[in-house]
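Data from coords.txt: compact mmCIF, C-alpha atoms
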# COMPACT_ATOMS: atom_id res chain seq x y z
CA MET A 1 13.10 37.45 22.35
CA ILE A 2 12.03 33.77 22.51
CA GLN A 3 15.25 32.73 20.81
CA ALA A 4 17.30 34.69 23.33
CA GLY A 5 15.36 33.12 26.17
CA GLU A 6 16.01 29.62 24.83
CA GLU A 7 19.73 30.34 24.53
CA LEU A 8 19.81 31.59 28.14
CA ASN A 9 18.11 28.41 29.37
CA VAL A 10 20.65 26.27 27.52
CA LEU A 11 23.53 28.30 28.97
CA GLN A 12 22.09 27.79 32.44
CA GLY A 13 21.91 24.04 31.86
CA ARG A 14 18.15 23.87 31.38
CA PRO A 15 16.86 21.91 28.35
CA ALA A 16 15.06 24.32 26.02
CA GLY A 17 13.83 24.73 22.48
CA THR A 18 11.70 22.73 20.05
CA LEU A 19 12.14 18.98 19.79
CA ARG A 20 10.87 17.59 16.48
CA LEU A 21 9.57 14.02 16.68
CA ASN A 22 8.16 11.69 14.04
CA ALA A 23 5.92 8.72 14.88
CA ALA A 24 3.17 6.49 13.56
CA ARG A 25 -0.30 7.13 14.97
CA VAL A 26 -0.34 3.84 16.82
CA SER A 27 2.90 4.60 18.68
CA ILE A 28 1.51 8.00 19.68
CA ALA A 29 -1.59 6.35 21.11
CA MET A 30 0.24 3.53 22.88
CA VAL A 31 3.37 5.13 24.32
CA LEU A 32 3.79 8.86 23.67
CA GLN A 33 0.55 10.16 25.17
CA GLN A 34 1.62 8.67 28.50
CA VAL A 35 4.91 10.57 28.39
CA PHE A 36 4.03 14.14 27.49
CA ALA A 37 2.35 15.47 30.64
CA GLY A 38 5.12 14.37 33.00
CA PHE A 39 7.88 15.44 30.64
CA PHE A 40 6.47 18.95 30.22
CA ARG A 41 6.14 19.33 34.00
CA GLU A 42 9.83 18.54 34.41
CA HIS A 43 10.99 20.54 31.38
CA PRO A 44 8.72 23.57 30.88
CA HIS A 45 11.17 25.24 28.50
CA VAL A 46 11.02 22.41 25.92
CA GLN A 47 8.38 22.34 23.20
CA ILE A 48 7.62 19.21 21.18
CA GLU A 49 6.52 19.34 17.56
CA LEU A 50 5.01 15.95 16.73
CA THR A 51 4.41 14.79 13.15
CA HIS A 52 2.87 11.42 12.36
CA HIS A 53 3.67 9.28 9.33
CA GLU A 54 2.36 5.75 8.93
CA GLY A 55 5.32 4.78 6.75
CA PHE A 56 8.96 4.74 7.78
CA ILE A 57 10.89 7.89 6.83
CA ASP A 58 14.49 9.08 7.05
CA ILE A 59 14.35 11.32 10.13
CA VAL A 60 17.76 12.87 9.39
CA GLU A 61 16.84 13.80 5.83
CA ARG A 62 13.49 15.24 6.99
CA GLY A 63 14.99 17.27 9.82
CA PHE A 64 13.59 15.42 12.84
CA ASP A 65 15.48 15.08 16.10
CA ALA A 66 14.11 11.59 16.78
CA GLY A 67 11.50 9.05 15.72
CA ILE A 68 9.34 6.41 17.40
CA ARG A 69 8.78 3.06 15.69
CA MET A 70 8.65 -0.67 16.31
CA SER A 71 12.13 -2.12 16.79
CA GLU A 72 12.10 -3.94 13.43
CA SER A 73 11.72 -0.60 11.60
CA VAL A 74 14.68 1.14 13.25
CA GLN A 75 17.81 1.46 11.14
CA GLN A 76 20.94 -0.24 12.43
CA ASP A 77 22.98 2.97 12.57
CA MET A 78 20.54 4.61 15.01
CA VAL A 79 20.63 4.72 18.79
CA ALA A 80 17.43 3.05 20.03
CA VAL A 81 15.88 3.47 23.50
CA PRO A 82 12.95 1.20 24.46
CA LEU A 83 9.60 2.82 25.24
CA GLY A 84 7.35 0.71 27.42
CA GLY A 85 7.78 -3.02 27.10
CA PRO A 86 7.03 -5.92 24.74
CA VAL A 87 3.76 -5.80 22.81
CA THR A 88 1.46 -8.72 21.97
CA MET A 89 -0.72 -8.86 18.89
CA ALA A 90 -4.41 -9.74 18.86
CA VAL A 91 -7.05 -10.73 16.29
CA VAL A 92 -10.50 -9.39 17.12
CA GLY A 93 -13.97 -9.23 15.64
CA SER A 94 -17.35 -7.91 16.77
CA PRO A 95 -20.17 -10.10 18.12
CA ALA A 96 -22.17 -9.14 15.01
CA TYR A 97 -19.38 -10.42 12.76
CA PHE A 98 -19.26 -13.75 14.57
CA GLU A 99 -22.99 -14.15 14.16
CA ARG A 100 -22.29 -14.37 10.43
CA PHE A 101 -19.02 -16.28 10.45
CA PRO A 102 -17.63 -19.00 12.75
CA ALA A 103 -14.63 -17.95 14.80
CA PRO A 104 -11.29 -19.11 13.35
CA ARG A 105 -9.52 -21.76 15.41
CA HIS A 106 -6.25 -21.73 13.46
CA PRO A 107 -4.56 -19.04 11.34
CA ASN A 108 -5.24 -21.23 8.29
CA ASP A 109 -8.96 -20.52 8.83
CA LEU A 110 -8.38 -16.83 8.03
CA ALA A 111 -8.66 -17.74 4.35
CA LEU A 112 -12.42 -17.99 4.95
CA HIS A 113 -12.69 -14.61 6.67
CA ASN A 114 -12.95 -10.94 5.76
CA CYS A 115 -9.84 -9.32 7.23
CA VAL A 116 -9.11 -5.61 7.57
CA ARG A 117 -5.74 -5.23 5.89
CA PHE A 118 -3.02 -2.63 6.46
CA ARG A 119 -0.96 -1.17 3.60
CA GLY A 120 2.26 0.60 4.61
CA ALA A 121 2.22 4.20 3.39
CA GLY A 122 5.95 4.18 2.78
CA SER A 123 6.52 0.72 1.28
CA GLY A 124 3.13 0.39 -0.41
CA THR A 125 3.00 -3.29 0.54
CA VAL A 126 0.14 -4.98 2.37
CA TYR A 127 1.20 -6.19 5.80
CA LYS A 128 1.09 -9.95 6.33
CA TRP A 129 -0.41 -11.14 9.59
CA GLU A 130 2.22 -12.80 11.77
CA PHE A 131 1.58 -15.73 14.10
CA GLU A 132 3.46 -18.35 16.12
CA VAL A 133 2.55 -21.79 14.76
CA ASP A 134 4.18 -24.91 16.20
CA GLY A 135 6.85 -22.77 17.81
CA ARG A 136 7.89 -20.86 14.71
CA PRO A 137 6.86 -17.54 13.13
CA VAL A 138 4.54 -17.83 10.14
CA GLU A 139 3.22 -15.00 7.94
CA TYR A 140 -0.26 -15.12 6.38
CA GLU A 141 -1.36 -13.09 3.39
CA VAL A 142 -4.99 -12.37 4.28
CA ARG A 143 -7.88 -11.20 2.10
CA GLY A 144 -10.56 -8.64 2.82
CA SER A 145 -12.88 -5.98 1.47
CA LEU A 146 -11.15 -3.12 3.33
CA THR A 147 -7.50 -2.07 3.17
CA THR A 148 -6.28 0.97 5.09
CA SER A 149 -3.03 2.86 5.67
CA ASP A 150 -4.24 4.10 9.07
CA SER A 151 -2.72 1.95 11.82
CA LEU A 152 -5.57 2.68 14.25
CA PHE A 153 -8.53 2.28 11.92
CA GLY A 154 -8.56 -1.52 11.98
CA VAL A 155 -10.07 -1.61 15.46
CA GLU A 156 -12.75 0.91 14.48
CA ALA A 157 -13.66 -1.18 11.44
CA ALA A 158 -13.83 -4.33 13.56
CA LEU A 159 -16.15 -2.58 16.01
CA GLU A 160 -18.49 -1.81 13.11
CA GLY A 161 -18.55 -5.48 12.11
CA VAL A 162 -16.61 -5.00 8.87
CA GLY A 163 -14.27 -7.90 9.54
CA LEU A 164 -11.42 -9.21 11.66
CA ALA A 165 -8.68 -6.81 12.74
CA TYR A 166 -5.05 -7.59 13.56
CA THR A 167 -3.97 -5.10 16.17
CA PHE A 168 -2.11 -4.62 19.42
CA GLU A 169 -3.52 -6.33 22.51
CA GLN A 170 -3.31 -3.04 24.42
CA LEU A 171 -5.63 -1.32 21.94
CA ALA A 172 -8.11 -4.21 21.77
CA GLU A 173 -8.30 -5.04 25.48
CA PRO A 174 -10.75 -2.29 26.58
CA HIS A 175 -13.19 -3.32 23.85
CA VAL A 176 -12.77 -7.02 24.68
CA ARG A 177 -13.51 -6.36 28.37
CA ALA A 178 -16.60 -4.38 27.39
CA LYS A 179 -17.66 -7.26 25.08
CA ARG A 180 -17.69 -4.96 22.06
CA LEU A 181 -15.03 -7.19 20.52
CA ARG A 182 -14.15 -10.85 20.85
CA ARG A 183 -10.58 -12.04 20.66
CA VAL A 184 -9.63 -15.15 18.69
CA LEU A 185 -6.44 -17.11 17.86
CA THR A 186 -4.94 -16.05 21.20
CA GLU A 187 -2.65 -19.07 21.47
CA PHE A 188 -1.04 -18.15 18.14
CA SER A 189 -0.57 -14.43 18.88
CA PRO A 190 3.10 -13.36 18.80
CA THR A 191 4.87 -10.91 21.10
CA PHE A 192 7.36 -8.34 19.78
CA PRO A 193 9.99 -6.19 21.53
CA GLY A 194 7.82 -3.07 21.25
CA PHE A 195 8.38 0.59 20.44
CA TYR A 196 11.65 2.49 20.49
CA LEU A 197 12.70 6.12 20.54
CA TYR A 198 15.54 6.36 18.03
CA PHE A 199 17.91 9.07 16.87
CA PRO A 200 21.24 9.47 15.04
CA SER A 201 24.37 8.24 16.76
CA ARG A 202 26.11 11.55 17.44
CA HIS A 203 28.25 12.74 20.33
CA ASP A 204 26.71 16.22 20.39
CA GLN A 205 23.10 15.33 21.20
CA PRO A 206 20.92 18.38 21.93
CA THR A 207 20.21 18.88 25.62
CA LYS A 208 16.46 18.74 24.94
CA LEU A 209 16.79 15.27 23.37
CA LYS A 210 18.97 14.05 26.22
CA ALA A 211 16.25 15.21 28.61
CA LEU A 212 13.59 13.19 26.76
CA VAL A 213 15.79 10.08 26.67
CA GLU A 214 16.48 10.37 30.40
CA TYR A 215 12.79 10.85 31.16
CA VAL A 216 11.48 7.89 29.11
CA THR A 217 14.23 5.64 30.48
CA ARG A 218 13.28 6.53 34.04
CA ALA A 219 9.57 6.16 33.30
CA LYS A 220 10.14 2.70 31.80
CA THR A 221 12.01 1.60 34.94
CA VAL A 222 9.13 2.75 37.14
CA GLN A 223 6.58 0.94 34.94
CA SER A 224 8.64 -2.27 35.05
CA SER A 225 8.82 -2.10 38.84
CA ARG A 226 5.07 -1.64 39.06
CA ARG A 227 4.41 -4.58 36.74
CA THR A 228 6.76 -6.76 38.82
CA GLY A 229 4.98 -5.71 42.00
CA HIS A 230 1.57 -6.50 40.52
CA ARG A 231 2.76 -9.93 39.38
CA GLU A 232 4.15 -10.69 42.84
CA GLN A 233 0.87 -9.63 44.46
CA ARG A 234 -1.12 -11.87 42.12
CA THR A 235 1.23 -14.80 42.81
CA ALA A 236 0.91 -14.32 46.57
CA SER A 237 -2.88 -14.09 46.25
CA ASP A 238 -3.09 -17.24 44.12
CA SER A 239 -0.92 -19.18 46.58
CA GLY A 240 -2.92 -18.02 49.58
CA GLY A 241 -0.14 -15.84 50.93
CA GLY A 242 -0.33 -12.21 52.11
Mind turning this structure into structure tokens?
Amino acid sequence: MIQAGEELNVLQGRPAGTLRLNAARVSIAMVLQQVFAGFFREHPHVQIELTHHEGFIDIVERGFDAGIRMSESVQQDMVAVPLGGPVTMAVVGSPAYFERFPAPRHPNDLALHNCVRFRGAGSGTVYKWEFEVDGRPVEYEVRGSLTTSDSLFGVEAALEGVGLAYTFEQLAEPHVRAKRLRRVLTEFSPTFPGFYLYFPSRHDQPTKLKALVEYVTRAKTVQSSRRTGHREQRTASDSGGG
């Protein structure tokens, strides 16, 4: 009966059925959670089955309709649609940690620190921390007593005073504002293009996937307009206008 109902919705031009998505936990927390409620209101006949993998996988081979990853992880033969905007990295530690160790002033100082490392579940390699030094990208192979394959756990470990975490500014900012974490090496922190929804380049895209692409594209435009408006308001305020 459900199958027949889905087919009727498709025939009537309404997106319907189950959309299978694959994403890393961090992309779910940063971009997908903001999408679901509005998307389901607009498309009540679409269901989303979300599976998270920390490592990159072949979404076609595994039977997924689409995936969500950082732009550098998306294969060249995929169609990629930006989700949100650029993301900036941040290095953070707890006040308790900095009572024991002096704050690093340069990425070279990380050699003297306990860093929470991330090992990619797919590649098996430990991620090198990336910075902008003298106008060029530089990778640092850090050391530490804790290595995890959970992309969100670094912040939790930093909050407990385990060591320094390399994470996304968006995830660290609430804790920094609340003074639970302190940010360091800000001037060296790089910015990356951000997260993308990607899927195979085919002409016969399912209606349910087209609906998601249309929704996230529209949502990104609205977010960009809001950010531009906020920047203009701040500029006017700083200059004494308005």
Query - Å distance separating CA of Phe192 (chain A) from CA of Met78 (chain A), one decimal place - result: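 Calculated distance between CA of Phe192 (chain A) and CA of Met78 (chain A) is 19.1 Å.
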Query raised in the report: Counting only C-alpha atoms, which of A:Thr125, A:Gln33, A:Thr51, A:Thr191 gets nearest to Pro86 (chain A)?
Result: A:Thr191
**Report entry** Test item: residues at most 12 Å from region 93-96 of chain A, all atoms listed in the file, excluding those fewer than 5 positions along its chain, as an MDAnalysis selection string
**Finding:** chainID A and resid 101:104 113:116 154:167 172 175:176 178:185
Requested in this report: Place a sphere of radius 9 Å on (4.6, -21.3, 21.4) in the file coordinates and name every protein, DNA or RNA residue with an atom inside or on its surface, counting only C-alpha atoms; give the answer as a list in words.
Outcome: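 The distance filter leaves exactly Glu132, Val133, Asp134, Gly135, Arg136, Glu187, Phe188, Ser189 and Pro190 of chain A.
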**Report entry** 12 Å contact set for Leu19 (chain A), all atoms listed in the file, chain neighbours under 2 positions out, as a list in words
**Finding:** Pro15, Ala16, Gly17, Leu21, Asn22, Phe40, His43, His45, Val46, Gln47, Ile48, Glu49, Leu50, Thr51, Gly63, Phe64, Asp65, Ala66, Gly67, Phe199, Gln205, Pro206, Thr207, Lys208, Leu209, Lys210, Ala211, Leu212 and Val213 of chain A
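Put simply, CA of Thr147 (chain A) is 20.7 Å away from CA of Ala29 (chain A).
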Query raised in the report: Distance CA of Val35 (chain A)-CA of Pro193 (chain A), one decimal place?
Result: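 These two atoms are separated by 18.8 Å.
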